[in-house]
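Report on one structure; see the data block that follows.
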Amino acid sequence: VHFTRFLTACTRHDGQEAHKNSLAKYSEFLQAVCRKGPDVVQQLNRSHAEQMKENSDKLSGLVQTILFCGKQNIPLRAHRNEAFKPGTGMTPAGNPGNFLALLQYRADAGDSTVGRQFHMRPGVGGVASYTSHRIQDDLISCCGDLVRENIIAMVNASPFFTVLADEATDTSNKEQMPIVLRYVNNTSNEICEDFVGFAECPNGTAGATLATIIIDHLKQWGLDLSRLRGQGYDGAGNMAGHLNGCAANITRQYPKALFLHCSSHALNLCIMQCTSINLVSAMWTTLREVGLFFSNSPKRNGKLESIVSATTGDEPYRKKLVDLCRTRWVARHSALVVFGQLFKPVVATLEEMSRAPRSQWNADTSSKAGSLLRNITDFAFIATFVITSEVLSYIQALTVALQRKALDIGSAYQHAITILTFSASETTEVHHVACVASISLRA
């Protein structure tokens, strides 16, 4: 009797929905256990790996674009960086900046990864575009750290190194100090000079302060200062002072780190002393006034260009005067060369302006043109101009040689002796050239 009731109960249970659902789940469980395939953990890991690869591909495109901008010296952002939003496309009137414009160009050129990234709306489904200015700054910082690490690794592989530094004020009026490392590359056996970073100077530019900043940064970057063998700065008191200068403070801690004043800068200072000669000083003043006379007026400069074109024809002459460099005196040689080439057109232009009626040029222009014309056609000016050009042509070669990375102290000394010997032997010839050129230019 009880068995009959059991069978009846089992039959009734078989028809219930709960039993059918349990049986279906049991069957699915057996199939999942018996079949050969990835388990749940493996499936989650595979999904995670695919997501990592996708994110890596996204960042790869961004990093490549940032490196391209860095190598080509292209700024990343514009003044209206908000004019572009991923997923909405470029706005006709906006300037999204070079970085976003290059990414858009890559997407238009068929880069599918960048294209998908640009057509996704940020904030929807957890999607991130990684194109905001904060992400750009973070990526730039990461790229800079990686480049610096590679340079530091090469420096540490070299037996010795030298630190080069100078003070600079950026556009935000903050004192910074660029730091450069000079070392021998063990692989290529070449002398390298690599920039490794800017060091801010918030506490002033006293010698002891700058020395502390340099030492702290070198240690922070992982350099062994016991292998520091040289320091290279300019001749300012806070850098080169023998008691409290930056170099002296570092040498007290690391006696083998000898200080050497930049030879090219020292040569530049020597040339500056020559301006105490009245004739040379007057010549530079006149050249500067002539340059400003034309550069400050488009009309005057246009007149000079038309006379240059009419005088030289199709010859490859410069049509504008070159401004005098205020800091590097040796660099003024190029300005002297251009002025010498354009001397006759300049004289013709000033003559025409000084004699033209008031309807063409106002009284101030005519008066100033006449004054400059008398100055540049004076024998003393022309002789000084020619002699200075000849001397600077010799020194130009020396200053270029002194700035070579592979130059050693012996070669630098030999270059200087050669220039001194040659200039001493050519003194009479230079005076003769100056007299002949003066007569020719005045003719």
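Order determines the names: the first chain of the structure tokens is A, the second B, and so forth; residues in each chain are numbered 1 upward, and ligands are numbered 1 upward as they are shown.
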
Write out as number ranges by chain which residues come within 6 Å of A:Ala165 when counting only C-alpha atoms, dropping same-chain ones fewer than 5 positions away.
A: 178-179, 233

Writing out the chosen residues with C-alpha atoms as a JSON list (two decimals), in the first residue's frame:
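result_8.json, written as the output of this step:
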[["chain", "number", "residue", "atom", "x", "y", "z"],
["A", 178, "PRO", "CA", 68.04, 72.88, -17.66],
["A", 179, "ILE", "CA", 70.41, 70.02, -16.82],
["A", 233, "TYR", "CA", 78.44, 76.54, -16.52]]

Filtered DSSP result for stretch 173-317 of chain A, state strand (DSSP E), as a ChimeraX atom specification:
/A:175-184,191-200,228-233,258-261

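Between A:Thr388 and the candidates A:Thr65, A:Ser281, A:Gln341, A:Thr365, the tightest atom-to-atom separation, counting only C-alpha atoms, involves A:Ser281.
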
Need the shell around A:Ala208: protein/DNA/RNA residues with any atom at most 10 Å away, counting only C-alpha atoms. Skip same-chain ones fewer than 6 positions apart. Format as a PDB file with N, CA, C and O atoms, in the first residue's frame?
ATOM      1  N   ASN A 238      77.251  83.563  -9.399  1.00  0.00           N
ATOM      2  CA  ASN A 238      76.584  82.525  -8.613  1.00  0.00           C
ATOM      3  C   ASN A 238      76.891  81.129  -9.135  1.00  0.00           C
ATOM      4  O   ASN A 238      76.663  80.140  -8.433  1.00  0.00           O
ATOM      5  N   MET A 239      77.425  81.022 -10.348  1.00  0.00           N
ATOM      6  CA  MET A 239      77.783  79.713 -10.907  1.00  0.00           C
ATOM      7  C   MET A 239      79.278  79.436 -10.790  1.00  0.00           C
ATOM      8  O   MET A 239      79.695  78.350 -10.411  1.00  0.00           O
ATOM      9  N   ASN A 244      81.709  80.853  -3.121  1.00  0.00           N
ATOM     10  CA  ASN A 244      80.318  80.469  -2.849  1.00  0.00           C
ATOM     11  C   ASN A 244      79.536  80.168  -4.115  1.00  0.00           C
ATOM     12  O   ASN A 244      78.300  80.095  -4.071  1.00  0.00           O
ATOM     13  N   GLY A 245      80.214  80.006  -5.230  1.00  0.00           N
ATOM     14  CA  GLY A 245      79.529  79.673  -6.471  1.00  0.00           C
ATOM     15  C   GLY A 245      79.005  78.241  -6.460  1.00  0.00           C
ATOM     16  O   GLY A 245      79.384  77.416  -5.622  1.00  0.00           O
ATOM     17  N   CYS A 246      78.132  77.972  -7.396  1.00  0.00           N
ATOM     18  CA  CYS A 246      77.562  76.623  -7.508  1.00  0.00           C
ATOM     19  C   CYS A 246      78.662  75.582  -7.720  1.00  0.00           C
ATOM     20  O   CYS A 246      78.666  74.536  -7.070  1.00  0.00           O
ATOM     21  N   ALA A 247      79.597  75.878  -8.618  1.00  0.00           N
ATOM     22  CA  ALA A 247      80.676  74.929  -8.907  1.00  0.00           C
ATOM     23  C   ALA A 247      81.532  74.673  -7.668  1.00  0.00           C
ATOM     24  O   ALA A 247      81.921  73.534  -7.382  1.00  0.00           O
ATOM     25  N   ALA A 248      81.846  75.732  -6.908  1.00  0.00           N
ATOM     26  CA  ALA A 248      82.679  75.569  -5.708  1.00  0.00           C
ATOM     27  C   ALA A 248      81.985  74.713  -4.659  1.00  0.00           C
ATOM     28  O   ALA A 248      82.618  73.870  -4.002  1.00  0.00           O
ATOM     29  N   ASN A 249      80.683  74.898  -4.488  1.00  0.00           N
ATOM     30  CA  ASN A 249      79.938  74.101  -3.507  1.00  0.00           C
ATOM     31  C   ASN A 249      79.899  72.632  -3.881  1.00  0.00           C
ATOM     32  O   ASN A 249      80.017  71.751  -3.016  1.00  0.00           O
ATOM     33  N   ILE A 250      79.748  72.328  -5.172  1.00  0.00           N
ATOM     34  CA  ILE A 250      79.737  70.925  -5.601  1.00  0.00           C
ATOM     35  C   ILE A 250      81.132  70.320  -5.483  1.00  0.00           C
ATOM     36  O   ILE A 250      81.297  69.164  -5.067  1.00  0.00           O
TER      37      ILE A 250
END

With only C-alpha atoms as the atoms that count, which of A:Ser22, A:Thr286, A:Gln360, A:Thr251 lies nearest to A:Leu324?
A:Thr286

Could you give me, as a PDB file with N, CA, C and O atoms, in the first residue's frame, each residue of stretch 117-267 of chain A that DSSP assigns to helix (DSSP H, G or I) when run on this structure's backbone?
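Resulting contents of selection.pdb:
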ATOM      1  N   GLN A 117      37.827  54.592 -31.225  1.00  0.00           N
ATOM      2  CA  GLN A 117      37.975  55.383 -30.016  1.00  0.00           C
ATOM      3  C   GLN A 117      37.348  56.769 -30.186  1.00  0.00           C
ATOM      4  O   GLN A 117      36.742  57.303 -29.259  1.00  0.00           O
ATOM      5  N   PHE A 118      37.466  57.345 -31.370  1.00  0.00           N
ATOM      6  CA  PHE A 118      36.950  58.687 -31.595  1.00  0.00           C
ATOM      7  C   PHE A 118      35.438  58.712 -31.781  1.00  0.00           C
ATOM      8  O   PHE A 118      34.820  59.752 -31.633  1.00  0.00           O
ATOM      9  N   HIS A 133      43.121  66.937 -21.739  1.00  0.00           N
ATOM     10  CA  HIS A 133      44.420  67.585 -21.547  1.00  0.00           C
ATOM     11  C   HIS A 133      45.155  67.011 -20.340  1.00  0.00           C
ATOM     12  O   HIS A 133      46.397  66.985 -20.313  1.00  0.00           O
ATOM     13  N   ARG A 134      44.432  66.519 -19.346  1.00  0.00           N
ATOM     14  CA  ARG A 134      45.101  65.895 -18.198  1.00  0.00           C
ATOM     15  C   ARG A 134      45.772  64.588 -18.600  1.00  0.00           C
ATOM     16  O   ARG A 134      46.898  64.297 -18.162  1.00  0.00           O
ATOM     17  N   ILE A 135      45.073  63.793 -19.410  1.00  0.00           N
ATOM     18  CA  ILE A 135      45.681  62.543 -19.898  1.00  0.00           C
ATOM     19  C   ILE A 135      46.889  62.858 -20.776  1.00  0.00           C
ATOM     20  O   ILE A 135      47.921  62.164 -20.712  1.00  0.00           O
ATOM     21  N   GLN A 136      46.784  63.897 -21.593  1.00  0.00           N
ATOM     22  CA  GLN A 136      47.928  64.289 -22.424  1.00  0.00           C
ATOM     23  C   GLN A 136      49.129  64.631 -21.547  1.00  0.00           C
ATOM     24  O   GLN A 136      50.258  64.199 -21.822  1.00  0.00           O
ATOM     25  N   ASP A 137      48.903  65.406 -20.483  1.00  0.00           N
ATOM     26  CA  ASP A 137      50.006  65.762 -19.582  1.00  0.00           C
ATOM     27  C   ASP A 137      50.605  64.517 -18.922  1.00  0.00           C
ATOM     28  O   ASP A 137      51.826  64.401 -18.782  1.00  0.00           O
ATOM     29  N   ASP A 138      49.736  63.585 -18.504  1.00  0.00           N
ATOM     30  CA  ASP A 138      50.226  62.356 -17.871  1.00  0.00           C
ATOM     31  C   ASP A 138      51.060  61.530 -18.853  1.00  0.00           C
ATOM     32  O   ASP A 138      52.114  60.978 -18.490  1.00  0.00           O
ATOM     33  N   LEU A 139      50.595  61.429 -20.100  1.00  0.00           N
ATOM     34  CA  LEU A 139      51.337  60.655 -21.094  1.00  0.00           C
ATOM     35  C   LEU A 139      52.666  61.318 -21.421  1.00  0.00           C
ATOM     36  O   LEU A 139      53.688  60.631 -21.592  1.00  0.00           O
ATOM     37  N   ILE A 140      52.674  62.643 -21.507  1.00  0.00           N
ATOM     38  CA  ILE A 140      53.935  63.356 -21.756  1.00  0.00           C
ATOM     39  C   ILE A 140      54.911  63.098 -20.617  1.00  0.00           C
ATOM     40  O   ILE A 140      56.105  62.859 -20.838  1.00  0.00           O
ATOM     41  N   SER A 141      54.401  63.147 -19.390  1.00  0.00           N
ATOM     42  CA  SER A 141      55.254  62.896 -18.232  1.00  0.00           C
ATOM     43  C   SER A 141      55.809  61.469 -18.255  1.00  0.00           C
ATOM     44  O   SER A 141      56.998  61.252 -17.975  1.00  0.00           O
ATOM     45  N   CYS A 142      54.967  60.497 -18.619  1.00  0.00           N
ATOM     46  CA  CYS A 142      55.424  59.099 -18.697  1.00  0.00           C
ATOM     47  C   CYS A 142      56.486  58.929 -19.781  1.00  0.00           C
ATOM     48  O   CYS A 142      57.499  58.245 -19.566  1.00  0.00           O
ATOM     49  N   CYS A 143      56.264  59.552 -20.931  1.00  0.00           N
ATOM     50  CA  CYS A 143      57.255  59.474 -22.018  1.00  0.00           C
ATOM     51  C   CYS A 143      58.562  60.111 -21.588  1.00  0.00           C
ATOM     52  O   CYS A 143      59.653  59.575 -21.852  1.00  0.00           O
ATOM     53  N   GLY A 144      58.478  61.265 -20.905  1.00  0.00           N
ATOM     54  CA  GLY A 144      59.695  61.918 -20.428  1.00  0.00           C
ATOM     55  C   GLY A 144      60.447  61.070 -19.424  1.00  0.00           C
ATOM     56  O   GLY A 144      61.681  60.988 -19.473  1.00  0.00           O
ATOM     57  N   ASP A 145      59.729  60.449 -18.516  1.00  0.00           N
ATOM     58  CA  ASP A 145      60.383  59.585 -17.520  1.00  0.00           C
ATOM     59  C   ASP A 145      61.078  58.403 -18.188  1.00  0.00           C
ATOM     60  O   ASP A 145      62.193  58.020 -17.803  1.00  0.00           O
ATOM     61  N   LEU A 146      60.434  57.827 -19.193  1.00  0.00           N
ATOM     62  CA  LEU A 146      61.024  56.677 -19.879  1.00  0.00           C
ATOM     63  C   LEU A 146      62.277  57.082 -20.644  1.00  0.00           C
ATOM     64  O   LEU A 146      63.303  56.375 -20.610  1.00  0.00           O
ATOM     65  N   VAL A 147      62.220  58.226 -21.332  1.00  0.00           N
ATOM     66  CA  VAL A 147      63.401  58.713 -22.060  1.00  0.00           C
ATOM     67  C   VAL A 147      64.543  58.991 -21.087  1.00  0.00           C
ATOM     68  O   VAL A 147      65.703  58.625 -21.344  1.00  0.00           O
ATOM     69  N   ARG A 148      64.214  59.627 -19.950  1.00  0.00           N
ATOM     70  CA  ARG A 148      65.252  59.928 -18.968  1.00  0.00           C
ATOM     71  C   ARG A 148      65.852  58.637 -18.415  1.00  0.00           C
ATOM     72  O   ARG A 148      67.079  58.546 -18.215  1.00  0.00           O
ATOM     73  N   GLU A 149      65.032  57.640 -18.135  1.00  0.00           N
ATOM     74  CA  GLU A 149      65.546  56.367 -17.616  1.00  0.00           C
ATOM     75  C   GLU A 149      66.526  55.728 -18.593  1.00  0.00           C
ATOM     76  O   GLU A 149      67.555  55.174 -18.178  1.00  0.00           O
ATOM     77  N   ASN A 150      66.207  55.794 -19.875  1.00  0.00           N
ATOM     78  CA  ASN A 150      67.129  55.227 -20.873  1.00  0.00           C
ATOM     79  C   ASN A 150      68.454  55.987 -20.899  1.00  0.00           C
ATOM     80  O   ASN A 150      69.532  55.388 -21.016  1.00  0.00           O
ATOM     81  N   ILE A 151      68.374  57.328 -20.797  1.00  0.00           N
ATOM     82  CA  ILE A 151      69.603  58.129 -20.794  1.00  0.00           C
ATOM     83  C   ILE A 151      70.419  57.835 -19.534  1.00  0.00           C
ATOM     84  O   ILE A 151      71.653  57.658 -19.601  1.00  0.00           O
ATOM     85  N   ILE A 152      69.761  57.767 -18.382  1.00  0.00           N
ATOM     86  CA  ILE A 152      70.470  57.491 -17.127  1.00  0.00           C
ATOM     87  C   ILE A 152      71.133  56.121 -17.179  1.00  0.00           C
ATOM     88  O   ILE A 152      72.251  55.940 -16.672  1.00  0.00           O
ATOM     89  N   ALA A 153      70.473  55.160 -17.812  1.00  0.00           N
ATOM     90  CA  ALA A 153      71.071  53.819 -17.934  1.00  0.00           C
ATOM     91  C   ALA A 153      72.361  53.880 -18.747  1.00  0.00           C
ATOM     92  O   ALA A 153      73.361  53.224 -18.406  1.00  0.00           O
ATOM     93  N   MET A 154      72.356  54.675 -19.829  1.00  0.00           N
ATOM     94  CA  MET A 154      73.570  54.808 -20.641  1.00  0.00           C
ATOM     95  C   MET A 154      74.657  55.562 -19.878  1.00  0.00           C
ATOM     96  O   MET A 154      75.848  55.243 -19.999  1.00  0.00           O
ATOM     97  N   VAL A 155      74.271  56.565 -19.085  1.00  0.00           N
ATOM     98  CA  VAL A 155      75.254  57.307 -18.291  1.00  0.00           C
ATOM     99  C   VAL A 155      75.862  56.407 -17.229  1.00  0.00           C
ATOM    100  O   VAL A 155      77.079  56.432 -16.988  1.00  0.00           O
ATOM    101  N   ASN A 156      75.041  55.605 -16.572  1.00  0.00           N
ATOM    102  CA  ASN A 156      75.558  54.696 -15.540  1.00  0.00           C
ATOM    103  C   ASN A 156      76.468  53.623 -16.126  1.00  0.00           C
ATOM    104  O   ASN A 156      77.329  53.085 -15.423  1.00  0.00           O
ATOM    105  N   ALA A 157      76.264  53.297 -17.399  1.00  0.00           N
ATOM    106  CA  ALA A 157      77.145  52.318 -18.048  1.00  0.00           C
ATOM    107  C   ALA A 157      78.485  52.931 -18.432  1.00  0.00           C
ATOM    108  O   ALA A 157      79.430  52.202 -18.732  1.00  0.00           O
ATOM    109  N   GLY A 207      74.455  80.477  -5.192  1.00  0.00           N
ATOM    110  CA  GLY A 207      75.321  79.365  -5.569  1.00  0.00           C
ATOM    111  C   GLY A 207      75.050  78.099  -4.785  1.00  0.00           C
ATOM    112  O   GLY A 207      74.943  77.007  -5.348  1.00  0.00           O
ATOM    113  N   ALA A 208      74.924  78.216  -3.452  1.00  0.00           N
ATOM    114  CA  ALA A 208      74.682  77.039  -2.613  1.00  0.00           C
ATOM    115  C   ALA A 208      73.326  76.416  -2.912  1.00  0.00           C
ATOM    116  O   ALA A 208      73.183  75.188  -2.928  1.00  0.00           O
ATOM    117  N   THR A 209      72.333  77.253  -3.186  1.00  0.00           N
ATOM    118  CA  THR A 209      70.997  76.743  -3.504  1.00  0.00           C
ATOM    119  C   THR A 209      71.006  75.962  -4.807  1.00  0.00           C
ATOM    120  O   THR A 209      70.432  74.865  -4.896  1.00  0.00           O
ATOM    121  N   LEU A 210      71.648  76.512  -5.831  1.00  0.00           N
ATOM    122  CA  LEU A 210      71.713  75.823  -7.122  1.00  0.00           C
ATOM    123  C   LEU A 210      72.497  74.521  -7.014  1.00  0.00           C
ATOM    124  O   LEU A 210      72.143  73.521  -7.650  1.00  0.00           O
ATOM    125  N   ALA A 211      73.570  74.533  -6.221  1.00  0.00           N
ATOM    126  CA  ALA A 211      74.355  73.299  -6.039  1.00  0.00           C
ATOM    127  C   ALA A 211      73.510  72.209  -5.390  1.00  0.00           C
ATOM    128  O   ALA A 211      73.548  71.039  -5.804  1.00  0.00           O
ATOM    129  N   THR A 212      72.710  72.579  -4.384  1.00  0.00           N
ATOM    130  CA  THR A 212      71.837  71.603  -3.730  1.00  0.00           C
ATOM    131  C   THR A 212      70.801  71.054  -4.703  1.00  0.00           C
ATOM    132  O   THR A 212      70.510  69.851  -4.715  1.00  0.00           O
ATOM    133  N   ILE A 213      70.243  71.926  -5.531  1.00  0.00           N
ATOM    134  CA  ILE A 213      69.236  71.491  -6.501  1.00  0.00           C
ATOM    135  C   ILE A 213      69.842  70.500  -7.492  1.00  0.00           C
ATOM    136  O   ILE A 213      69.254  69.445  -7.785  1.00  0.00           O
ATOM    137  N   ILE A 214      71.028  70.790  -8.002  1.00  0.00           N
ATOM    138  CA  ILE A 214      71.667  69.898  -8.973  1.00  0.00           C
ATOM    139  C   ILE A 214      71.977  68.549  -8.336  1.00  0.00           C
ATOM    140  O   ILE A 214      71.691  67.482  -8.908  1.00  0.00           O
ATOM    141  N   ILE A 215      72.559  68.555  -7.147  1.00  0.00           N
ATOM    142  CA  ILE A 215      72.921  67.300  -6.478  1.00  0.00           C
ATOM    143  C   ILE A 215      71.684  66.474  -6.176  1.00  0.00           C
ATOM    144  O   ILE A 215      71.649  65.253  -6.400  1.00  0.00           O
ATOM    145  N   ASP A 216      70.634  67.121  -5.662  1.00  0.00           N
ATOM    146  CA  ASP A 216      69.410  66.386  -5.318  1.00  0.00           C
ATOM    147  C   ASP A 216      68.788  65.749  -6.561  1.00  0.00           C
ATOM    148  O   ASP A 216      68.324  64.590  -6.514  1.00  0.00           O
ATOM    149  N   HIS A 217      68.759  66.469  -7.671  1.00  0.00           N
ATOM    150  CA  HIS A 217      68.164  65.914  -8.890  1.00  0.00           C
ATOM    151  C   HIS A 217      69.002  64.761  -9.446  1.00  0.00           C
ATOM    152  O   HIS A 217      68.459  63.748  -9.901  1.00  0.00           O
ATOM    153  N   LEU A 218      70.313  64.902  -9.431  1.00  0.00           N
ATOM    154  CA  LEU A 218      71.162  63.825  -9.937  1.00  0.00           C
ATOM    155  C   LEU A 218      70.994  62.559  -9.098  1.00  0.00           C
ATOM    156  O   LEU A 218      70.946  61.444  -9.638  1.00  0.00           O
ATOM    157  N   LYS A 219      70.907  62.719  -7.782  1.00  0.00           N
ATOM    158  CA  LYS A 219      70.680  61.561  -6.925  1.00  0.00           C
ATOM    159  C   LYS A 219      69.294  60.966  -7.145  1.00  0.00           C
ATOM    160  O   LYS A 219      69.118  59.746  -7.157  1.00  0.00           O
ATOM    161  N   GLN A 220      68.307  61.838  -7.290  1.00  0.00           N
ATOM    162  CA  GLN A 220      66.944  61.367  -7.509  1.00  0.00           C
ATOM    163  C   GLN A 220      66.830  60.558  -8.792  1.00  0.00           C
ATOM    164  O   GLN A 220      66.054  59.595  -8.879  1.00  0.00           O
ATOM    165  N   LEU A 225      77.222  59.895  -7.991  1.00  0.00           N
ATOM    166  CA  LEU A 225      77.984  61.139  -8.062  1.00  0.00           C
ATOM    167  C   LEU A 225      79.472  60.939  -7.789  1.00  0.00           C
ATOM    168  O   LEU A 225      80.254  61.866  -8.003  1.00  0.00           O
ATOM    169  N   SER A 226      79.861  59.765  -7.341  1.00  0.00           N
ATOM    170  CA  SER A 226      81.297  59.519  -7.174  1.00  0.00           C
ATOM    171  C   SER A 226      82.000  59.446  -8.523  1.00  0.00           C
ATOM    172  O   SER A 226      83.231  59.545  -8.595  1.00  0.00           O
ATOM    173  N   ARG A 227      81.215  59.282  -9.598  1.00  0.00           N
ATOM    174  CA  ARG A 227      81.796  59.246 -10.952  1.00  0.00           C
ATOM    175  C   ARG A 227      81.635  60.577 -11.672  1.00  0.00           C
ATOM    176  O   ARG A 227      81.907  60.672 -12.860  1.00  0.00           O
ATOM    177  N   GLY A 237      78.644  84.995 -11.402  1.00  0.00           N
ATOM    178  CA  GLY A 237      79.209  84.831 -10.069  1.00  0.00           C
ATOM    179  C   GLY A 237      78.565  83.720  -9.269  1.00  0.00           C
ATOM    180  O   GLY A 237      79.249  82.999  -8.533  1.00  0.00           O
ATOM    181  N   ASN A 238      77.251  83.563  -9.399  1.00  0.00           N
ATOM    182  CA  ASN A 238      76.584  82.525  -8.613  1.00  0.00           C
ATOM    183  C   ASN A 238      76.891  81.129  -9.135  1.00  0.00           C
ATOM    184  O   ASN A 238      76.663  80.140  -8.433  1.00  0.00           O
ATOM    185  N   MET A 239      77.425  81.022 -10.348  1.00  0.00           N
ATOM    186  CA  MET A 239      77.783  79.713 -10.907  1.00  0.00           C
ATOM    187  C   MET A 239      79.278  79.436 -10.790  1.00  0.00           C
ATOM    188  O   MET A 239      79.695  78.350 -10.411  1.00  0.00           O
ATOM    189  N   ALA A 240      80.107  80.448 -11.133  1.00  0.00           N
ATOM    190  CA  ALA A 240      81.547  80.226 -11.233  1.00  0.00           C
ATOM    191  C   ALA A 240      82.343  80.821 -10.076  1.00  0.00           C
ATOM    192  O   ALA A 240      83.577  80.722 -10.073  1.00  0.00           O
ATOM    193  N   CYS A 246      78.132  77.972  -7.396  1.00  0.00           N
ATOM    194  CA  CYS A 246      77.562  76.623  -7.508  1.00  0.00           C
ATOM    195  C   CYS A 246      78.662  75.582  -7.720  1.00  0.00           C
ATOM    196  O   CYS A 246      78.666  74.536  -7.070  1.00  0.00           O
ATOM    197  N   ALA A 247      79.597  75.878  -8.618  1.00  0.00           N
ATOM    198  CA  ALA A 247      80.676  74.929  -8.907  1.00  0.00           C
ATOM    199  C   ALA A 247      81.532  74.673  -7.668  1.00  0.00           C
ATOM    200  O   ALA A 247      81.921  73.534  -7.382  1.00  0.00           O
ATOM    201  N   ALA A 248      81.846  75.732  -6.908  1.00  0.00           N
ATOM    202  CA  ALA A 248      82.679  75.569  -5.708  1.00  0.00           C
ATOM    203  C   ALA A 248      81.985  74.713  -4.659  1.00  0.00           C
ATOM    204  O   ALA A 248      82.618  73.870  -4.002  1.00  0.00           O
ATOM    205  N   ASN A 249      80.683  74.898  -4.488  1.00  0.00           N
ATOM    206  CA  ASN A 249      79.938  74.101  -3.507  1.00  0.00           C
ATOM    207  C   ASN A 249      79.899  72.632  -3.881  1.00  0.00           C
ATOM    208  O   ASN A 249      80.017  71.751  -3.016  1.00  0.00           O
ATOM    209  N   ILE A 250      79.748  72.328  -5.172  1.00  0.00           N
ATOM    210  CA  ILE A 250      79.737  70.925  -5.601  1.00  0.00           C
ATOM    211  C   ILE A 250      81.132  70.320  -5.483  1.00  0.00           C
ATOM    212  O   ILE A 250      81.297  69.164  -5.067  1.00  0.00           O
ATOM    213  N   THR A 251      82.171  71.105  -5.820  1.00  0.00           N
ATOM    214  CA  THR A 251      83.544  70.592  -5.759  1.00  0.00           C
ATOM    215  C   THR A 251      83.943  70.266  -4.322  1.00  0.00           C
ATOM    216  O   THR A 251      84.724  69.331  -4.087  1.00  0.00           O
ATOM    217  N   ARG A 252      83.433  71.030  -3.359  1.00  0.00           N
ATOM    218  CA  ARG A 252      83.751  70.717  -1.962  1.00  0.00           C
ATOM    219  C   ARG A 252      83.221  69.347  -1.556  1.00  0.00           C
ATOM    220  O   ARG A 252      83.825  68.659  -0.727  1.00  0.00           O
ATOM    221  N   GLN A 253      82.100  68.932  -2.112  1.00  0.00           N
ATOM    222  CA  GLN A 253      81.547  67.616  -1.792  1.00  0.00           C
ATOM    223  C   GLN A 253      82.133  66.525  -2.687  1.00  0.00           C
ATOM    224  O   GLN A 253      82.310  65.386  -2.248  1.00  0.00           O
ATOM    225  N   SER A 263      84.108  77.435 -23.013  1.00  0.00           N
ATOM    226  CA  SER A 263      85.120  78.117 -23.823  1.00  0.00           C
ATOM    227  C   SER A 263      84.494  79.054 -24.842  1.00  0.00           C
ATOM    228  O   SER A 263      84.995  80.156 -25.085  1.00  0.00           O
ATOM    229  N   SER A 264      83.395  78.620 -25.439  1.00  0.00           N
ATOM    230  CA  SER A 264      82.731  79.475 -26.415  1.00  0.00           C
ATOM    231  C   SER A 264      82.178  80.726 -25.750  1.00  0.00           C
ATOM    232  O   SER A 264      82.245  81.827 -26.310  1.00  0.00           O
ATOM    233  N   HIS A 265      81.653  80.582 -24.532  1.00  0.00           N
ATOM    234  CA  HIS A 265      81.144  81.734 -23.797  1.00  0.00           C
ATOM    235  C   HIS A 265      82.282  82.665 -23.402  1.00  0.00           C
ATOM    236  O   HIS A 265      82.143  83.904 -23.448  1.00  0.00           O
ATOM    237  N   ALA A 266      83.425  82.102 -23.004  1.00  0.00           N
ATOM    238  CA  ALA A 266      84.592  82.922 -22.665  1.00  0.00           C
ATOM    239  C   ALA A 266      85.075  83.710 -23.878  1.00  0.00           C
ATOM    240  O   ALA A 266      85.434  84.891 -23.768  1.00  0.00           O
ATOM    241  N   LEU A 267      85.067  83.066 -25.054  1.00  0.00           N
ATOM    242  CA  LEU A 267      85.445  83.767 -26.285  1.00  0.00           C
ATOM    243  C   LEU A 267      84.475  84.906 -26.563  1.00  0.00           C
ATOM    244  O   LEU A 267      84.875  85.991 -26.994  1.00  0.00           O
TER     245      LEU A 267
END
